[in-house]
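Undergrad: Right, I'll just put the structure down here and ask away after.
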Amino acid sequence: MTDRSFTEIKKRSGTIHLSERAWGYLFACPAFILVSLIALAPINAALWLSLRQQLPIFGIDEFVGARNYLQLLGDERFWAACRTTLYFTALSVSAELLLGFGFALLLNRLSDGAGRGLRWAHVMIILPWAIPTVVSAQIWAWLYQPDFGLLNYLLYAAGMTGGRIDWLADPDWAIHAAVVMDVWKTTPFAALLLLAGLKTVPQELYAAARVDGAGTWEQFRRITLPLLMPVVLIVLVFRTMDAIRVFDAVFVLTGGGPGNSTETLSIYAYKTLFQTLQFGYGSALATAMFVLAAVLSLLYLLLLRRHVQESG
Amino acid sequence: MMIGVFLLLWLATTLGCTQTGEGTDRAPTTVVFKHGKLSGDGRVLSDLLRDFERRHPGILVREELLPADSDRQHQYYAMNLDGGKAPFDLLAIDTIWAQEFAKARWIAPLDEVLTPAERDEFFPGPIEAATFQERLYAVPWYVDAGVLYYRRDLLDRHGLEPPRTWLELARIAKLVLKAEQNSALTGFVWQGKQYEGLMCVALEVLRSNGTDLWAGDRDRAEYGLRFLRETIATHGITPLSTSMADEESTRWIFGEGHALFMRNWPYAWSLLQQEGSPVRGKIGVVPLPAFSGFRSAPVLGGWMLAIPNSSTHQEVVGELISFLTSPDTQRRIAVELGYNPVRRALYTDQSLLELRPLLKDLYPILLGAKPRPVTPYYLLLSQAVQPEVSAVVVGRRSPAEALDAIRRRVDQIMGEQTSTARLGRS
């Protein structure tokens, strides 16, 4: 009696005759509208802006079609920023994944033993992730300070007396300094996701493997890794998207310098949009960044789907 | 209960009516003064504004602060002025924004606030920077210019005089560094980070060699840029960390006694001379060096006051500007905040010089200070040039390559702007 079926309700309402499908769409409408207002409208506005030349300072606002994008193709600074962004992404994401995996395995082992140490280990590991990026970047800027920073002091104390490295002022070091900071900050995120994945692996599989005489490495390669693959891909997608859009970490450390050696796409877009107020060209830059992130995450999704099909 | 409420309402309405009916004191006019956070005690300015309110009954001045970071301020102003309905009536602008804001018709001409005859009482540099198509769009509020700080005690110990040329500076620095044998001491620090400060340093070095960044003699420009790089690479008098240094970090190095020379703005003086500073009483200020055959070429800095075109209180705000730039106010700002006044007469005022003796040394420097290229496109150009100069400083580009890129880029931007302007007009 309590379970009144949809058709029954429809019959009683009487006046409006719509198929079940149409009702479904109708009910989903508010959600669609909300999403399009919040997400799609700004994206569309940015896309539209990227087809215009808009320089409010000079009262210029006109439709120029693809001209901004053509200009992008010939813009050396854009390509340099692309290279810097991809280099940063490749280095930081792979380091985060490897370190995160290590920490996840360690924490998983710890939680098997159980004990007070575990909670502290969790807190310690999550801490860098909890600090706002701007704050941690500033902390790292002090660590990197060549004259009184901790890092050079440690080098000196370790006996590397030649070790006065200008971490941020040397164009060869600067981008790596930013990578190290980013890895420190976001490895916890990767570790936590992977740890959650590890918890879902059934213990019986390991027991069975042990019975069959598989060593630790064999267990990891045959059981842990394949079962964790979906989580690994999700970590990759999240981290890659974030790394491609990296702004605050690098901006606070170096501002894009020296000699543009750490200028990522988002820093170039920021400078174009907000420091020189070229809204059209800046939007084209932002769109290019969006496309880059979209292409990479599509690749990951394809990988994920193939993996699911293979294992399923 | 209800009766009480009614009584109150009745009382309130009748009182309200009588007030407007008699028309003795109308609702006060509020003008909003938007400016970046000033260094020093914020109460000094608010006291001044209360003074102004006392002299102009019925006017209230509300201060609204922006962050001290000038890029952020520029962003805020641009966004709000562009809409044509700026939520403020008076704004403080950097000298390099005046042309841009005037060209965009965001700020109103102020020829009546500061008549051409009165302008002679001000320094010429800021007036030039604020004049667009022969009309004045902003009134200088306080001025700055690049100067050379030096360690008087170290030079005295080795019987040396402050340098007059850049090569002399390099020679003296090397000499002192060698004699002192102090690994913590470095020779010459300046603002080498990829930002506006680097533009000032580069312009000062190039202009003191009779040329400029995107105009003027190419060989001498190359020579100037090479000198900047060589302070780090061959002379070894500048640490590589200078390529990430801004005003505050150089002041810190010099202030801890770790540098012999420093290029900076005059604001650092009172901070370096305050009690507890390791270099207190051991420092001096001279004009920046030049290359032989040319004159020192300090770059002009400082802030100005302007009125948004959209403000409905133009006349009152004009009076407020006159008040803030009057000799009395300027003297108070100089004494209490340590800012450099815009009126030349104050620099010969004995009572002021007794309180701030540095002003005497600054006078010829401020008088000769030249604004950065006076064009509405300056910020666009500066943004395009900064990476190139920064790349020279860290040795990523040769001065010749960088100059090629700079001049090509500037020609391109200027060409684009003039062509679109032509299109717009036709």
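To be explicit about the labels: the chains of the structure tokens are called A, B, and onward in the order shown, and within each one the residues are counted from 1, while ligands get numbers from 1 in the order they are shown.
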Fewer than 6 positions away in the same chain doesn't count, so skip those; otherwise give me all residues within 7 Å of region 300-311 of chain B, counting only C-alpha atoms, as a short mmCIF file (atom, residue, chain, number, x, y, z; two decimals) with N, CA and C atoms, in the first residue's frame.

TA:
data_model
loop_
_atom_site.label_atom_id
_atom_site.label_comp_id
_atom_site.auth_asym_id
_atom_site.auth_seq_id
_atom_site.Cartn_x
_atom_site.Cartn_y
_atom_site.Cartn_z
N GLY B 84 32.60 53.03 -15.54
CA GLY B 84 32.03 54.37 -15.63
C GLY B 84 31.28 54.79 -14.38
N LYS B 85 31.25 53.91 -13.37
CA LYS B 85 30.59 54.27 -12.12
C LYS B 85 31.50 53.88 -10.96
N ALA B 86 32.62 54.58 -10.87
CA ALA B 86 33.59 54.22 -9.84
C ALA B 86 33.02 54.54 -8.46
N ASP B 89 35.67 58.89 -5.10
CA ASP B 89 35.73 60.24 -5.67
C ASP B 89 37.15 60.76 -5.81
N LEU B 90 38.07 60.10 -5.13
CA LEU B 90 39.46 60.54 -5.19
C LEU B 90 40.32 59.29 -5.14
N LEU B 91 41.36 59.24 -5.96
CA LEU B 91 42.21 58.05 -5.92
C LEU B 91 43.68 58.45 -6.01
N ALA B 92 44.52 57.63 -5.40
CA ALA B 92 45.96 57.84 -5.47
C ALA B 92 46.52 56.91 -6.52
N ILE B 93 47.25 57.49 -7.51
CA ILE B 93 47.77 56.64 -8.59
C ILE B 93 49.28 56.74 -8.68
N ASP B 94 49.89 55.66 -9.13
CA ASP B 94 51.33 55.61 -9.38
C ASP B 94 51.63 56.53 -10.56
N THR B 95 52.82 57.15 -10.55
CA THR B 95 53.17 58.07 -11.65
C THR B 95 53.02 57.42 -13.02
N TRP B 106 39.35 57.89 -17.92
CA TRP B 106 38.86 57.44 -16.62
C TRP B 106 38.96 58.53 -15.58
N ILE B 107 39.95 59.43 -15.76
CA ILE B 107 40.13 60.49 -14.77
C ILE B 107 39.96 61.86 -15.43
N ALA B 108 39.54 62.81 -14.63
CA ALA B 108 39.17 64.13 -15.16
C ALA B 108 40.38 65.06 -15.18
N GLY B 125 59.41 66.76 -13.07
CA GLY B 125 59.21 65.36 -13.49
C GLY B 125 57.78 64.88 -13.34
N TYR B 137 46.21 65.82 -15.59
CA TYR B 137 45.18 64.88 -15.15
C TYR B 137 45.34 64.39 -13.72
N ALA B 138 46.47 64.74 -13.10
CA ALA B 138 46.68 64.30 -11.73
C ALA B 138 47.60 65.31 -11.06
N VAL B 139 47.44 65.48 -9.75
CA VAL B 139 48.29 66.40 -9.02
C VAL B 139 49.26 65.60 -8.17
N PRO B 140 50.58 65.83 -8.36
CA PRO B 140 51.56 65.07 -7.60
C PRO B 140 51.32 65.20 -6.10
N TRP B 141 51.49 64.07 -5.37
CA TRP B 141 51.22 64.04 -3.94
C TRP B 141 52.52 63.89 -3.16
N TYR B 142 53.33 62.92 -3.54
CA TYR B 142 54.69 62.85 -3.03
C TYR B 142 55.58 62.23 -4.09
N VAL B 143 56.89 62.52 -4.02
CA VAL B 143 57.79 62.08 -5.09
C VAL B 143 58.90 61.19 -4.55
N ASP B 144 59.48 60.45 -5.47
CA ASP B 144 60.56 59.53 -5.16
C ASP B 144 61.53 59.55 -6.34
N ALA B 145 62.76 59.14 -6.08
CA ALA B 145 63.72 58.97 -7.16
C ALA B 145 64.76 57.97 -6.70
N ILE B 321 42.08 67.95 -2.95
CA ILE B 321 43.41 67.78 -3.55
C ILE B 321 44.29 68.98 -3.24
N ALA B 369 65.12 64.07 -11.62
CA ALA B 369 64.53 62.76 -11.86
C ALA B 369 63.61 62.79 -13.07
N LYS B 370 63.78 61.79 -13.95
CA LYS B 370 62.96 61.73 -15.17
C LYS B 370 61.94 60.60 -15.04
N PRO B 371 60.71 60.86 -15.48
CA PRO B 371 59.72 59.78 -15.44
C PRO B 371 60.11 58.65 -16.39
N ARG B 372 59.56 57.47 -16.14
CA ARG B 372 59.70 56.38 -17.10
C ARG B 372 58.97 56.80 -18.37
#

Undergrad: With only C-alpha atoms considered, list every residue of chain B at most 8 Å from chain A, as number ranges by chain.

TA: B: 71, 74-75, 78, 82, 100-101, 103-104, 193-194, 240-244, 379-380, 383, 386-394, 396, 424

Undergrad: Restricted to C-alpha atoms, what would the selected residues look like written as a compact mmCIF listing (two decimals), in the first residue's frame?

TA:
# COMPACT_ATOMS: atom_id res chain seq x y z
CA ASP B 71 49.75 45.73 -9.20
CA HIS B 74 46.06 49.02 -10.64
CA GLN B 75 43.84 46.01 -11.22
CA ALA B 78 41.04 49.48 -13.92
CA ASP B 82 36.11 51.02 -16.68
CA GLU B 100 46.98 55.38 -19.31
CA PHE B 101 44.09 56.53 -17.11
CA LYS B 103 43.86 58.29 -22.33
CA ALA B 104 41.09 55.93 -21.24
CA LYS B 193 63.61 40.60 -9.82
CA GLN B 194 61.45 40.36 -12.92
CA LEU B 240 73.07 36.14 -8.04
CA SER B 241 70.23 36.33 -5.52
CA THR B 242 69.80 39.92 -6.70
CA SER B 243 67.94 38.51 -9.70
CA MET B 244 65.10 37.75 -7.25
CA LEU B 379 52.45 49.13 -18.64
CA LEU B 380 52.00 47.02 -21.75
CA GLN B 383 55.40 43.87 -19.13
CA GLN B 386 60.79 42.83 -18.11
CA PRO B 387 61.41 39.15 -19.06
CA GLU B 388 64.10 40.16 -21.54
CA VAL B 389 66.01 42.35 -19.07
CA SER B 390 65.64 39.69 -16.38
CA ALA B 391 67.04 37.09 -18.80
CA VAL B 392 70.10 39.30 -19.36
CA VAL B 393 70.62 39.64 -15.61
CA VAL B 394 70.74 35.87 -15.09
CA ARG B 396 70.07 33.53 -20.22
CA GLY B 424 38.73 53.22 -34.38

Undergrad: Determine, counting only C-alpha atoms, which protein, DNA and RNA residues have an atom within 7 Å of an atom of region 32-36 of chain B; residues of the same chain fewer than 3 positions away are not included. Present the result as a list in words.

TA: Val61, Arg62, Glu63, Glu64, Leu65, Leu66, Pro67, Ala68, Gln73, Phe88, Asp89, Leu90, Leu91 and Ala92 of chain B

Undergrad: Could you write those residues out with C-alpha atoms, as a compact mmCIF listing (two decimals), in the first residue's frame?

TA:
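To be explicit, this is the file written out as part.txt:
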# COMPACT_ATOMS: atom_id res chain seq x y z
CA VAL B 61 35.81 62.18 3.76
CA ARG B 62 35.84 58.42 4.00
CA GLU B 63 39.14 56.62 3.50
CA GLU B 64 39.08 53.23 1.82
CA LEU B 65 42.30 51.27 1.78
CA LEU B 66 43.66 49.02 -0.94
CA PRO B 67 46.53 46.53 -0.43
CA ALA B 68 50.03 48.02 -0.60
CA GLN B 73 45.72 48.55 -6.90
CA PHE B 88 35.12 56.53 -5.10
CA ASP B 89 35.73 60.24 -5.67
CA LEU B 90 39.46 60.54 -5.19
CA LEU B 91 42.21 58.05 -5.92
CA ALA B 92 45.96 57.84 -5.47

Undergrad: Using DSSP on the backbone coordinates, identify the residues of region 148-265 of chain A assigned to helix (DSSP H, G or I); present them as an MDAnalysis selection string.

TA: chainID A and resid 150:157 171:199 203:211 216:244 248:254 265

Undergrad: Enumerate, as a list of chain:residue names, the complete set of residues in region 189-374 of chain B that a backbone-based DSSP assignment places in strand (DSSP E or B).

TA: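 Those in region 189-374 of chain B that DSSP calls strand (DSSP E or B) are B:Val189, B:Ala259, B:Leu260, B:Phe261, B:Met262, B:Arg263, B:Asn264, B:Ile283, B:Gly284, B:Val285, B:Val286, B:Ala290, B:Val299, B:Leu300, B:Gly301, B:Gly302, B:Trp303, B:Met304, B:Leu305, B:Ala306, B:Pro308, B:Asn340, B:Arg343, B:Lys370.
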
Undergrad: In Å, with one decimal, what is the gap from CA of Glu256 (chain B) to CA of Tyr339 (chain B)?

TA: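 Between CA of Glu256 (chain B) and CA of Tyr339 (chain B) the gap works out to 23.2 Å.
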
Undergrad: Neighbours of Ile139 (chain A) within 12 Å (only C-alpha atoms; same-chain residues fewer than 4 positions away dropped), as a VMD selection string?

TA: chain A and resid 128 131 to 135 143 to 145 149 to 151 181 184 to 185 249 252 to 253

Undergrad: Could those selected residues go to a file with C-alpha atoms, as an mmCIF file, in the first residue's frame?

TA:
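Saved the output as part33.cif:
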data_model
loop_
_atom_site.group_PDB
_atom_site.id
_atom_site.type_symbol
_atom_site.label_atom_id
_atom_site.label_comp_id
_atom_site.auth_asym_id
_atom_site.auth_seq_id
_atom_site.Cartn_x
_atom_site.Cartn_y
_atom_site.Cartn_z
ATOM 1 C CA PRO A 128 51.205 19.957 4.143
ATOM 2 C CA ILE A 131 48.184 24.528 4.694
ATOM 3 C CA PRO A 132 47.010 27.114 2.128
ATOM 4 C CA THR A 133 49.306 27.113 -0.901
ATOM 5 C CA VAL A 134 50.206 30.782 -0.587
ATOM 6 C CA VAL A 135 51.358 30.239 2.979
ATOM 7 C CA LEU A 143 63.718 27.896 3.158
ATOM 8 C CA TYR A 144 65.193 28.635 -0.260
ATOM 9 C CA GLN A 145 66.625 32.015 0.761
ATOM 10 C CA GLY A 149 67.581 29.909 4.441
ATOM 11 C CA LEU A 150 67.472 26.490 6.061
ATOM 12 C CA LEU A 151 68.254 24.558 2.890
ATOM 13 C CA MET A 181 57.502 22.646 -3.110
ATOM 14 C CA TRP A 184 55.854 18.429 -0.693
ATOM 15 C CA LYS A 185 52.446 19.992 -0.662
ATOM 16 C CA ALA A 249 52.809 28.022 -5.775
ATOM 17 C CA VAL A 252 54.612 33.386 -4.751
ATOM 18 C CA LEU A 253 58.027 31.744 -5.121
#

Undergrad: Residues of region 293-339 of chain B that have any atom at most 10 Å from an atom of region 147-166 of chain B: could you tabulate them with the shortest-distance atom pair and the distance in Å to one decimal, using only C-alpha atoms, ordered by chain and increasing number, as CSV?

TA:
residue,atom,partner,partner_atom,distance
B:Gly293,CA,B:Thr165,CA,9.3
B:Phe294,CA,B:Thr165,CA,9.0
B:Arg295,CA,B:Thr165,CA,9.1
B:Ser296,CA,B:Arg164,CA,8.4
B:Ala297,CA,B:Val147,CA,9.7
B:Pro298,CA,B:Val147,CA,6.9
B:Val299,CA,B:Val147,CA,9.0
